[in-house]
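As stored in start33.cif (mmCIF, C-alpha atoms):
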data_target
#
loop_
_atom_site.label_atom_id
_atom_site.label_comp_id
_atom_site.auth_asym_id
_atom_site.auth_seq_id
_atom_site.Cartn_x
_atom_site.Cartn_y
_atom_site.Cartn_z
CA MET A 1 -5.21 25.38 16.55
CA SER A 2 -5.01 24.61 12.84
CA ARG A 3 -7.32 24.62 9.84
CA ILE A 4 -7.38 20.96 8.87
CA LEU A 5 -9.00 19.08 5.99
CA ALA A 6 -10.03 15.61 7.13
CA ALA A 7 -10.00 13.00 4.37
CA MET A 8 -13.16 11.02 5.14
CA SER A 9 -13.55 7.68 3.39
CA GLY A 10 -16.86 6.78 4.98
CA GLY A 11 -15.19 4.29 7.34
CA VAL A 12 -14.91 4.23 11.11
CA ASP A 13 -11.20 5.11 11.25
CA SER A 14 -11.41 8.39 9.33
CA SER A 15 -14.66 9.20 11.15
CA VAL A 16 -13.02 8.96 14.57
CA ALA A 17 -9.91 10.77 13.33
CA THR A 18 -12.12 13.67 12.28
CA ALA A 19 -14.03 13.62 15.57
CA LEU A 20 -10.81 13.79 17.61
CA LEU A 21 -9.63 16.84 15.68
CA VAL A 22 -12.97 18.58 16.27
CA ARG A 23 -12.73 17.76 19.97
CA GLU A 24 -9.23 19.29 20.12
CA GLY A 25 -10.69 22.56 18.85
CA HIS A 26 -9.24 22.69 15.35
CA GLU A 27 -11.17 24.24 12.47
CA VAL A 28 -12.06 21.07 10.59
CA GLN A 29 -13.79 20.37 7.32
CA GLY A 30 -14.41 16.93 5.87
CA ALA A 31 -13.75 15.84 2.30
CA TYR A 32 -14.42 12.66 0.36
CA MET A 33 -12.05 11.91 -2.51
CA LYS A 34 -14.21 10.78 -5.41
CA ASN A 35 -11.74 8.64 -7.36
CA TRP A 36 -13.78 5.89 -8.96
CA ILE A 37 -17.39 5.16 -9.97
CA ASN A 38 -16.89 1.83 -11.79
CA GLU A 39 -17.95 2.99 -15.23
CA GLU A 40 -16.48 -0.23 -16.65
CA ASN A 41 -18.91 -2.37 -14.58
CA ILE A 42 -16.12 -4.41 -13.03
CA ILE A 43 -17.37 -7.37 -10.99
CA GLY A 44 -17.50 -6.44 -7.31
CA HIS A 45 -18.97 -3.86 -4.98
CA CYS A 46 -17.84 -0.26 -5.52
CA PRO A 47 -19.71 1.53 -2.71
CA TRP A 48 -18.71 5.12 -3.42
CA GLU A 49 -22.26 6.45 -3.11
CA GLU A 50 -22.77 4.66 0.21
CA ASP A 51 -19.38 5.86 1.47
CA ILE A 52 -20.18 9.47 0.61
CA GLU A 53 -23.52 9.17 2.40
CA ASP A 54 -21.82 7.74 5.52
CA ALA A 55 -19.04 10.34 5.52
CA ARG A 56 -21.56 13.16 5.11
CA ALA A 57 -23.69 11.76 7.95
CA VAL A 58 -20.68 11.73 10.29
CA ALA A 59 -19.74 15.29 9.28
CA ASP A 60 -23.32 16.39 10.03
CA GLN A 61 -23.15 14.68 13.42
CA LEU A 62 -19.90 16.52 14.18
CA GLY A 63 -21.28 19.83 12.92
CA ILE A 64 -18.61 20.41 10.29
CA GLU A 65 -18.73 21.33 6.62
CA PHE A 66 -18.41 18.43 4.16
CA ARG A 67 -17.64 18.34 0.47
CA VAL A 68 -16.90 15.83 -2.30
CA VAL A 69 -13.70 16.50 -4.24
CA ASN A 70 -13.74 14.95 -7.71
CA LEU A 71 -10.29 13.53 -8.46
CA MET A 72 -11.27 10.76 -10.89
CA GLN A 73 -9.10 11.98 -13.74
CA GLU A 74 -6.02 12.36 -11.54
CA TYR A 75 -6.64 8.93 -10.00
CA ARG A 76 -6.64 7.26 -13.41
CA GLU A 77 -3.49 9.13 -14.44
CA ARG A 78 -1.52 8.63 -11.23
CA VAL A 79 -2.71 5.34 -9.74
CA VAL A 80 -4.60 3.25 -12.30
CA LYS A 81 -2.01 3.90 -15.01
CA TYR A 82 0.82 2.98 -12.62
CA LEU A 83 -1.05 -0.17 -11.62
CA LEU A 84 -1.78 -1.40 -15.13
CA GLU A 85 1.64 -0.54 -16.55
CA GLY A 86 3.30 -2.42 -13.71
CA TYR A 87 1.36 -5.61 -14.30
CA GLN A 88 1.88 -5.34 -18.06
CA GLN A 89 5.64 -5.14 -17.43
CA GLY A 90 5.53 -8.31 -15.36
CA ILE A 91 6.04 -6.71 -11.95
CA THR A 92 3.66 -6.39 -8.98
CA PRO A 93 2.88 -2.74 -8.15
CA ASN A 94 1.27 -1.46 -4.95
CA PRO A 95 -1.60 0.96 -5.68
CA ASP A 96 -2.40 1.60 -2.02
CA VAL A 97 1.07 3.01 -1.32
CA MET A 98 0.98 5.21 -4.40
CA CYS A 99 -2.57 6.34 -3.64
CA ASN A 100 -1.32 7.88 -0.41
CA ARG A 101 1.62 9.71 -1.96
CA GLU A 102 -0.02 10.75 -5.22
CA MET A 103 -3.63 11.29 -4.12
CA LYS A 104 -4.28 11.85 -0.40
CA PHE A 105 -1.06 13.76 0.32
CA GLY A 106 -0.56 14.82 -3.29
CA VAL A 107 -3.52 16.01 -5.37
CA LEU A 108 -5.92 16.34 -2.43
CA TRP A 109 -3.34 18.31 -0.44
CA ASP A 110 -2.80 20.63 -3.42
CA TRP A 111 -6.54 21.25 -3.40
CA ALA A 112 -6.56 21.76 0.38
CA LYS A 113 -3.62 24.17 0.27
CA ASP A 114 -5.34 26.23 -2.43
CA HIS A 115 -8.37 26.45 -0.15
CA GLY A 116 -6.44 27.76 2.84
CA PHE A 117 -5.91 24.60 4.91
CA ASP A 118 -2.80 24.08 7.06
CA ALA A 119 -2.81 20.29 7.16
CA ILE A 120 -4.60 17.18 5.99
CA ALA A 121 -5.69 14.35 8.29
CA THR A 122 -6.42 10.68 7.60
CA GLY A 123 -7.48 7.63 9.54
CA HIS A 124 -4.17 5.80 9.20
CA TYR A 125 -2.81 3.87 12.15
CA ALA A 126 0.42 5.88 12.36
CA ARG A 127 1.79 8.51 14.73
CA ASN A 128 3.13 12.02 14.24
CA ASP A 129 6.28 13.00 16.09
CA VAL A 130 9.20 15.43 15.84
CA LEU A 131 12.89 14.81 16.43
CA PRO A 132 14.00 16.61 19.62
CA GLU A 133 17.35 17.67 18.16
CA ASP A 134 16.00 19.68 15.24
CA GLY A 135 12.19 19.51 15.23
CA THR A 136 12.02 17.47 12.02
CA ALA A 137 8.57 15.95 11.51
CA VAL A 138 8.64 12.14 11.45
CA VAL A 139 6.18 9.28 11.17
CA ARG A 140 6.22 6.46 13.71
CA ARG A 141 4.41 3.14 13.78
CA GLY A 142 0.89 3.03 15.17
CA VAL A 143 0.63 1.56 18.66
CA ASP A 144 -1.70 -1.22 17.48
CA PRO A 145 0.66 -3.88 16.06
CA ASN A 146 -2.23 -5.53 14.22
CA LYS A 147 -3.27 -2.33 12.45
CA ASP A 148 -0.05 -0.34 11.98
CA GLN A 149 -0.30 1.17 8.48
CA THR A 150 3.00 2.97 8.14
CA TYR A 151 3.95 0.52 5.37
CA PHE A 152 1.40 2.29 3.15
CA LEU A 153 3.03 5.65 3.96
CA ALA A 154 6.56 4.55 3.04
CA MET A 155 6.77 6.59 -0.19
CA MET A 156 5.67 9.88 1.38
CA ARG A 157 7.93 12.87 0.84
CA PRO A 158 9.28 15.10 3.68
CA GLU A 159 6.98 18.01 2.80
CA GLN A 160 4.01 15.62 2.94
CA VAL A 161 5.04 14.36 6.39
CA GLU A 162 5.07 17.99 7.57
CA ILE A 163 1.39 18.55 6.74
CA ALA A 164 0.02 15.06 7.51
CA ARG A 165 -1.96 14.39 10.69
CA PHE A 166 -2.76 10.92 12.04
CA PRO A 167 -5.14 11.39 15.00
CA ILE A 168 -5.85 7.71 15.79
CA GLY A 169 -2.29 6.37 15.71
CA SER A 170 -2.11 6.12 19.50
CA LEU A 171 -5.30 4.06 19.74
CA LEU A 172 -5.99 0.35 19.37
CA LYS A 173 -8.65 -0.64 16.87
CA PRO A 174 -11.14 -1.68 19.62
CA GLN A 175 -10.66 1.75 21.20
CA VAL A 176 -11.49 3.41 17.89
CA ARG A 177 -14.71 1.39 17.70
CA GLU A 178 -15.53 2.29 21.30
CA GLU A 179 -14.95 5.99 20.63
CA ALA A 180 -17.20 5.86 17.58
CA ALA A 181 -19.92 4.15 19.61
CA LYS A 182 -19.67 6.73 22.41
CA LEU A 183 -20.12 9.50 19.89
CA GLY A 184 -22.98 7.67 18.22
CA LEU A 185 -21.30 7.85 14.81
CA LYS A 186 -23.09 6.12 11.97
CA THR A 187 -19.91 4.26 11.00
CA ALA A 188 -19.25 2.76 14.45
CA GLU A 189 -20.07 -0.80 13.35
CA LYS A 190 -19.19 -0.47 9.68
CA LYS A 191 -16.88 -3.20 8.39
CA ASP A 192 -13.41 -2.25 7.20
CA SER A 193 -12.87 -2.07 3.46
CA GLN A 194 -10.52 -4.70 2.05
CA GLY A 195 -10.47 -3.59 -1.59
CA ILE A 196 -8.19 -1.56 -3.82
CA CYS A 197 -7.55 1.98 -2.57
CA PHE A 198 -10.79 3.97 -2.97
CA ILE A 199 -12.33 1.51 -5.43
CA GLY A 200 -14.06 -0.94 -3.12
CA GLU A 201 -14.59 -4.65 -2.74
CA VAL A 202 -13.14 -5.55 -6.12
CA LYS A 203 -10.73 -8.44 -6.63
CA MET A 204 -7.47 -7.43 -8.24
CA GLU A 205 -7.90 -10.24 -10.77
CA ASP A 206 -11.27 -8.91 -11.92
CA PHE A 207 -9.92 -5.37 -12.09
CA LEU A 208 -6.93 -6.41 -14.19
CA ARG A 209 -8.92 -8.58 -16.58
CA THR A 210 -11.04 -5.56 -17.45
CA PHE A 211 -8.03 -3.66 -18.77
CA VAL A 212 -5.31 -6.23 -19.59
CA GLU A 213 -5.97 -8.91 -22.18
CA ASP A 214 -5.41 -12.50 -21.02
CA LYS A 215 -2.40 -14.20 -22.57
CA PRO A 216 -2.48 -17.90 -21.66
CA GLY A 217 0.74 -19.90 -21.45
CA ASN A 218 2.32 -22.93 -19.85
CA ILE A 219 2.75 -23.59 -16.15
CA VAL A 220 6.06 -25.42 -15.73
CA ASN A 221 8.15 -26.80 -12.89
CA LEU A 222 11.79 -25.93 -12.24
CA GLU A 223 12.90 -28.59 -14.72
CA GLY A 224 10.67 -27.17 -17.46
CA LYS A 225 8.03 -29.89 -17.41
CA VAL A 226 4.59 -28.60 -18.40
CA LEU A 227 2.09 -29.03 -15.54
CA GLY A 228 -0.83 -26.93 -16.70
CA GLU A 229 -1.89 -23.65 -18.31
CA HIS A 230 -2.07 -20.16 -16.82
CA ARG A 231 -4.46 -17.39 -17.91
CA GLY A 232 -1.90 -14.60 -18.10
CA LEU A 233 1.24 -13.84 -16.11
CA HIS A 234 -0.22 -10.55 -14.86
CA LEU A 235 -2.80 -12.51 -12.84
CA TYR A 236 -0.17 -14.18 -10.64
CA THR A 237 2.44 -13.00 -8.18
CA LEU A 238 5.53 -14.56 -6.63
CA GLY A 239 4.77 -16.64 -3.56
CA GLN A 240 1.14 -17.26 -4.61
CA ARG A 241 -0.27 -20.64 -3.62
CA LYS A 242 -3.99 -20.37 -4.33
CA GLY A 243 -5.66 -20.41 -7.72
CA LEU A 244 -2.88 -22.23 -9.60
CA ARG A 245 -5.18 -25.09 -10.65
CA VAL A 246 -2.29 -27.57 -10.43
CA ALA A 247 -2.74 -30.22 -7.77
CA SER A 248 0.18 -31.50 -5.71
CA ASN A 249 0.30 -35.24 -5.10
CA LEU A 250 2.38 -34.74 -1.95
CA TYR A 251 0.67 -34.76 1.45
CA LYS A 252 0.26 -31.23 2.87
CA GLN A 253 2.74 -29.81 0.36
CA ALA A 254 1.48 -27.28 -2.14
CA TYR A 255 2.81 -25.66 -5.27
CA VAL A 256 3.88 -22.03 -5.11
CA VAL A 257 4.79 -19.51 -7.82
CA VAL A 258 8.56 -18.97 -7.87
CA ALA A 259 9.11 -17.17 -11.21
CA LYS A 260 7.38 -15.50 -14.15
CA ARG A 261 9.26 -15.83 -17.45
CA ALA A 262 7.97 -13.11 -19.72
CA ALA A 263 10.18 -14.09 -22.65
CA THR A 264 8.56 -17.53 -22.90
CA ASN A 265 5.27 -16.62 -21.18
CA GLU A 266 5.84 -19.37 -18.60
CA LEU A 267 4.68 -19.45 -15.00
CA VAL A 268 7.17 -21.42 -12.90
CA ILE A 269 5.95 -23.27 -9.82
CA ALA A 270 7.60 -25.55 -7.27
CA ILE A 271 6.68 -27.45 -4.14
CA GLU A 272 7.09 -25.08 -1.22
CA ARG A 273 9.84 -26.06 1.19
CA GLU A 274 12.39 -24.17 3.28
CA ASP A 275 14.99 -24.73 0.55
CA THR A 276 12.80 -24.20 -2.54
CA PRO A 277 14.93 -22.50 -5.24
CA LEU A 278 13.86 -18.98 -6.28
CA LEU A 279 11.52 -18.68 -3.28
CA TRP A 280 13.93 -17.46 -0.60
CA ALA A 281 16.49 -14.67 -0.88
CA ARG A 282 18.60 -12.42 1.34
CA ARG A 283 19.90 -9.89 -1.16
CA CYS A 284 18.09 -7.54 -3.54
CA THR A 285 18.43 -4.28 -5.43
CA LEU A 286 16.10 -1.38 -4.66
CA ASN A 287 15.27 1.60 -6.86
CA GLY A 288 12.82 4.50 -6.63
CA ILE A 289 14.16 5.33 -3.18
CA SER A 290 11.90 7.76 -1.33
CA THR A 291 12.66 9.32 2.05
CA THR A 292 10.25 10.73 4.62
CA GLY A 293 13.12 12.97 5.77
CA ALA A 294 15.95 10.61 6.73
CA ASP A 295 19.26 10.57 4.88
CA LEU A 296 18.95 7.52 2.65
CA THR A 297 22.11 8.38 0.73
CA ARG A 298 24.19 6.79 3.50
CA GLU A 299 24.52 3.22 4.74
CA TRP A 300 22.13 2.07 7.44
CA ASN A 301 21.62 -1.00 9.56
CA LEU A 302 17.86 -0.84 9.68
CA LEU A 303 14.60 -2.76 9.67
CA ALA A 304 12.92 -3.56 6.37
CA MET A 305 9.33 -4.63 5.79
CA PRO A 306 8.99 -6.32 2.36
CA ARG A 307 5.18 -6.37 2.35
CA TYR A 308 2.25 -5.33 4.54
CA ARG A 309 1.80 -7.50 7.64
CA ASN A 310 5.17 -9.13 7.01
CA PRO A 311 7.38 -8.92 10.12
CA SER A 312 10.13 -6.34 9.87
CA ALA A 313 13.56 -7.91 9.44
CA GLU A 314 17.06 -6.68 10.15
CA ALA A 315 18.88 -5.62 7.01
CA HIS A 316 21.87 -3.64 5.74
CA PHE A 317 21.07 -0.80 3.35
CA ARG A 318 23.89 0.27 1.03
CA PRO A 319 22.92 3.08 -1.37
CA TYR A 320 24.84 4.02 -4.51
CA GLN A 321 24.37 6.35 -7.43
CA ARG A 322 23.89 5.28 -11.01
CA GLU A 323 22.84 7.06 -14.20
CA ASP A 324 19.12 6.82 -13.45
CA GLY A 325 19.43 8.03 -9.86
CA TRP A 326 19.93 6.45 -6.45
CA ALA A 327 19.62 2.71 -5.96
CA ALA A 328 20.58 0.47 -3.04
CA GLU A 329 21.67 -3.04 -2.25
CA LEU A 330 19.61 -4.41 0.61
CA THR A 331 20.91 -7.47 2.42
CA PHE A 332 18.64 -9.14 4.96
CA ALA A 333 20.12 -10.86 8.01
CA SER A 334 17.95 -13.91 7.28
CA PRO A 335 16.33 -15.25 4.07
CA GLN A 336 12.99 -13.69 3.12
CA ARG A 337 10.15 -15.43 1.30
CA ALA A 338 8.97 -14.32 -2.15
CA LEU A 339 10.58 -10.92 -2.48
CA THR A 340 8.76 -9.45 -5.47
CA PRO A 341 9.91 -6.94 -8.09
CA GLY A 342 7.63 -3.91 -8.18
CA GLN A 343 6.51 -4.24 -4.58
CA ILE A 344 7.34 -1.64 -1.94
CA CYS A 345 9.91 -2.20 0.79
CA ALA A 346 9.33 0.02 3.83
CA LEU A 347 12.41 1.06 5.80
CA TYR A 348 12.52 1.74 9.55
CA ASP A 349 14.87 2.81 12.32
CA GLY A 350 13.15 1.28 15.32
CA ASP A 351 9.56 2.53 15.08
CA ARG A 352 10.48 5.52 12.90
CA LEU A 353 9.51 5.26 9.24
CA LEU A 354 12.57 6.28 7.22
CA GLY A 355 11.03 5.89 3.79
CA GLY A 356 10.66 3.21 1.18
CA ALA A 357 11.82 1.88 -2.16
CA VAL A 358 10.80 -0.49 -4.93
CA PHE A 359 12.18 -4.02 -5.30
CA GLU A 360 13.96 -4.03 -8.66
CA THR A 361 16.02 -7.25 -8.78
CA ILE A 362 16.11 -10.22 -6.44
CA HIS A 363 19.49 -11.97 -6.14
CA TYR A 364 19.37 -15.70 -5.49
CA ASP A 365 22.85 -16.55 -4.19
#
Now, as a test, write the supplied structure out as structure tokens.
Amino acid sequence: MSRILAAMSGGVDSSVATALLVREGHEVQGAYMKNWINEENIIGHCPWEEDIEDARAVADQLGIEFRVVNLMQEYRERVVKYLLEGYQQGITPNPDVMCNREMKFGVLWDWAKDHGFDAIATGHYARNDVLPEDGTAVVRRGVDPNKDQTYFLAMMRPEQVEIARFPIGSLLKPQVREEAAKLGLKTAEKKDSQGICFIGEVKMEDFLRTFVEDKPGNIVNLEGKVLGEHRGLHLYTLGQRKGLRVASNLYKQAYVVVAKRAATNELVIAIEREDTPLLWARRCTLNGISTTGADLTREWNLLAMPRYRNPSAEAHFRPYQREDGWAAELTFASPQRALTPGQICALYDGDRLLGGAVFETIHYD
């Protein structure tokens, strides 16, 4: 039995994860990471007070100690800064992935370790396992294909994998709801949060416009013809179809963002087809390579997931060293849509999460 800190968000998944650990007989305490209180009055619902109340109610029901850990300063330094700097540089960062590495299994784990805990548990749909040959701790996909969240764990470090616990990874989402209902947990029917990591139901556009000044420019087609005006390149991402405010006069064919030209402040759009230039690519360069424990300094034929809920695709991973560290050329077996600099690419061997990396350059052959 271990002494485990359960990261409780106030949702049903972390509630059931905590309950399962208590049932197994571990010494469990619950903790809510207080990362954000919306001091800037950003449009949207930031339900941190409600989430704390729900998490505390579940902890009371389970008979465990509960506390709120204030990590607002660290969150701004490690996640918000990363998010804003990425968009200002013209790339598309992923705050949810970095929140897991830097906050849940980073700062919060440091706090937990200092307070005598052996491990930290979350409500992620992922599974713990060990390799039979050497006992190395690994992360595997959750059994629910619709909820698997290993993509968001792709940048975890080996020492973080060792202390992470994912109690609900072997359950389907309906089973989690059923378990919560059986236990009479307050969060049994609570809707899942769809917002930015630990901020709430806030649209990314509204969040960005609070901190990054709009810089309008031209929307152009591939030939350079001006079709409209954008509000700022940071408010758009490659592959985006909605919100362009440029109507297509072709039946059931819509415009899609294919490039952002920072030098001229132009947003490039094109009609989406299977052969649309700059929309499909097989080859890319990755940097910021992070391993969960696998040797990512050697070549692999593996599976790569270029974004959450995107199907994994077969790819060849060829790492190489350069002055700023390890990078890799990733070549997909088939063309992928809207590979995006700054986004995270999760890497797998079967259902084992190997690690992840950041899309640096997309090569359009």
Quiz item: With only C-alpha atoms as the basis for distance, which of A:Gln61, A:Ala315, A:Ala338, A:Leu354 is at the shortest distance from Val256 (chain A)?
Solution: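 Residue with the minimum atom-to-atom distance to Val256 (chain A): A:Ala338.
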Self-check item: Result set of the PyMOL selection byres ((chain A and resi 160) around 9) on the coordinates above, as a list of chain:residue names
Solution: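 Answer for the PyMOL selection byres ((chain A and resi 160) around 9): A:Arg101, A:Phe105, A:Gly106, A:Trp109, A:Met156, A:Arg157, A:Pro158, A:Glu159, A:Val161, A:Glu162, A:Ile163, A:Ala164, A:Thr292.
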Practice problem: Name all residues at most 12 Å from Leu83 (chain A) (count only C-alpha atoms; drop same-chain ones fewer than 2 positions away) and give them as a PyMOL selection string. | Solution: chain A and resi 75-81+85-99+196-197+204+207-208+211-212+234+342-343
Write a file of the just-selected residues containing C-alpha atoms, as a PDB file, in the coordinates of the input.
ATOM      1  CA  TYR A  75      -6.640   8.930 -10.000  1.00  0.00           C
ATOM      2  CA  ARG A  76      -6.640   7.260 -13.410  1.00  0.00           C
ATOM      3  CA  GLU A  77      -3.490   9.130 -14.440  1.00  0.00           C
ATOM      4  CA  ARG A  78      -1.520   8.630 -11.230  1.00  0.00           C
ATOM      5  CA  VAL A  79      -2.710   5.340  -9.740  1.00  0.00           C
ATOM      6  CA  VAL A  80      -4.600   3.250 -12.300  1.00  0.00           C
ATOM      7  CA  LYS A  81      -2.010   3.900 -15.010  1.00  0.00           C
ATOM      8  CA  GLU A  85       1.640  -0.540 -16.550  1.00  0.00           C
ATOM      9  CA  GLY A  86       3.300  -2.420 -13.710  1.00  0.00           C
ATOM     10  CA  TYR A  87       1.360  -5.610 -14.300  1.00  0.00           C
ATOM     11  CA  GLN A  88       1.880  -5.340 -18.060  1.00  0.00           C
ATOM     12  CA  GLN A  89       5.640  -5.140 -17.430  1.00  0.00           C
ATOM     13  CA  GLY A  90       5.530  -8.310 -15.360  1.00  0.00           C
ATOM     14  CA  ILE A  91       6.040  -6.710 -11.950  1.00  0.00           C
ATOM     15  CA  THR A  92       3.660  -6.390  -8.980  1.00  0.00           C
ATOM     16  CA  PRO A  93       2.880  -2.740  -8.150  1.00  0.00           C
ATOM     17  CA  ASN A  94       1.270  -1.460  -4.950  1.00  0.00           C
ATOM     18  CA  PRO A  95      -1.600   0.960  -5.680  1.00  0.00           C
ATOM     19  CA  ASP A  96      -2.400   1.600  -2.020  1.00  0.00           C
ATOM     20  CA  VAL A  97       1.070   3.010  -1.320  1.00  0.00           C
ATOM     21  CA  MET A  98       0.980   5.210  -4.400  1.00  0.00           C
ATOM     22  CA  CYS A  99      -2.570   6.340  -3.640  1.00  0.00           C
ATOM     23  CA  ILE A 196      -8.190  -1.560  -3.820  1.00  0.00           C
ATOM     24  CA  CYS A 197      -7.550   1.980  -2.570  1.00  0.00           C
ATOM     25  CA  MET A 204      -7.470  -7.430  -8.240  1.00  0.00           C
ATOM     26  CA  PHE A 207      -9.920  -5.370 -12.090  1.00  0.00           C
ATOM     27  CA  LEU A 208      -6.930  -6.410 -14.190  1.00  0.00           C
ATOM     28  CA  PHE A 211      -8.030  -3.660 -18.770  1.00  0.00           C
ATOM     29  CA  VAL A 212      -5.310  -6.230 -19.590  1.00  0.00           C
ATOM     30  CA  HIS A 234      -0.220 -10.550 -14.860  1.00  0.00           C
ATOM     31  CA  GLY A 342       7.630  -3.910  -8.180  1.00  0.00           C
ATOM     32  CA  GLN A 343       6.510  -4.240  -4.580  1.00  0.00           C
TER      33      GLN A 343
END
Quiz prompt | Atomic separation - CA of Thr18 (chain A) relative to CA of Thr187 (chain A), Å | solution =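 Separation of CA of Thr187 (chain A) and CA of Thr18 (chain A): 12.3 Å.
Omitting Ala327 (chain A) and its sequence neighbours fewer than 4 positions away, and counting all atoms listed in the file, the residues within 10 Å are Thr285, Leu286, Asn287, Gly288, Ile289, Leu296, Thr297, Arg318, Pro319, Tyr320, Gln321, Arg322, Glu323, Ala357, Val358 and Glu360 of chain A.
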Practice problem: For the file shown, report as a list in words the outcome of the PyMOL selection byres ((chain A and resi 118) around 7) at residue level. | Solution: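 Going through the file, the PyMOL selection byres ((chain A and resi 118) around 7) ends up selecting Ser2, Arg3, Ile4, Lys113, Gly116, Phe117, Ala119 and Ile163 of chain A.
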Exercise. Would you mind telling me which residue in A:Thr237, A:Thr150, A:Asn100, A:Thr122 lies nearest to Ala17 (chain A) when using only C-alpha atoms?
Key: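 The closest residue to Ala17 (chain A) is A:Thr122.
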Practice problem: Take CA of Ala304 (chain A) and CA of Thr276 (chain A) and report the distance between them in Å, one decimal. | Solution: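 Taking CA of Ala304 (chain A) as the start and CA of Thr276 (chain A) as the end point, the length is 22.5 Å.
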Quiz item: Do you know which residues the PyMOL selection byres ((chain A and resi 69) around 9) returns on this file, as a list of chain:residue names?
Solution: A:Ala31, A:Tyr32, A:Met33, A:Lys34, A:Asn35, A:Arg67, A:Val68, A:Asn70, A:Leu71, A:Leu108, A:Trp111
Exercise. Name all residues at most 10 Å from Pro306 (chain A) (count all atoms listed in the file; drop same-chain ones fewer than 4 positions away) and give them as a list in words.
Key: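 Counting only the stated atoms, we get Tyr151, Asn310, Pro311, Ser312, Ala313, Gln336, Arg337, Ala338, Leu339, Thr340, Gln343, Ile344, Cys345, Ala346, Leu347, Gly356, Ala357, Val358 and Phe359 of chain A.
Among the candidates A:Lys173, A:Arg23, A:Lys203, A:Lys186, the residue lying nearest to Ala57 (chain A) is A:Lys186 (atoms considered: all atoms listed in the file).
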Self-check item: Which of A:Asn221, A:Ala294, A:Leu238, A:Asp114 sits closest to Ile271 (chain A) [using all atoms listed in the file]
Solution: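 Closest residue, counting all atoms listed in the file: A:Asn221.
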Quiz item: What is the distance, in Å and to one decimal place, between CA of Ala281 (chain A) and CA of Ala247 (chain A)?
Solution: 25.7 Å
Quiz prompt | Nearest candidate to Trp300 (chain A) (options A:Asn265, A:Ser9, A:Thr331, A:Ser193; using all atoms listed in the file) | solution =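 Looking at the shortest contact to Trp300 (chain A), the residue is A:Thr331.
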Self-check item: Distance query Asp148 (chain A) at most 9 Å, all atoms listed in the file, self and fewer than 5 positions along chain excluded, as a list in words
Solution: His124, Tyr125, Ala126, Arg141, Gly142, Val143, Gly169 and Arg309 of chain A
Surrounding residues of Leu185 (chain A) excluding itself and chain neighbours under 5 positions, 8 Å, all atoms listed in the file, as a tab-separated table (two decimals) with C-alpha atoms, in the frame of the given file:
chain	number	residue	atom	x	y	z
A	15	SER	CA	-14.66	9.20	11.15
A	58	VAL	CA	-20.68	11.73	10.29
A	61	GLN	CA	-23.15	14.68	13.42
A	180	ALA	CA	-17.20	5.86	17.58
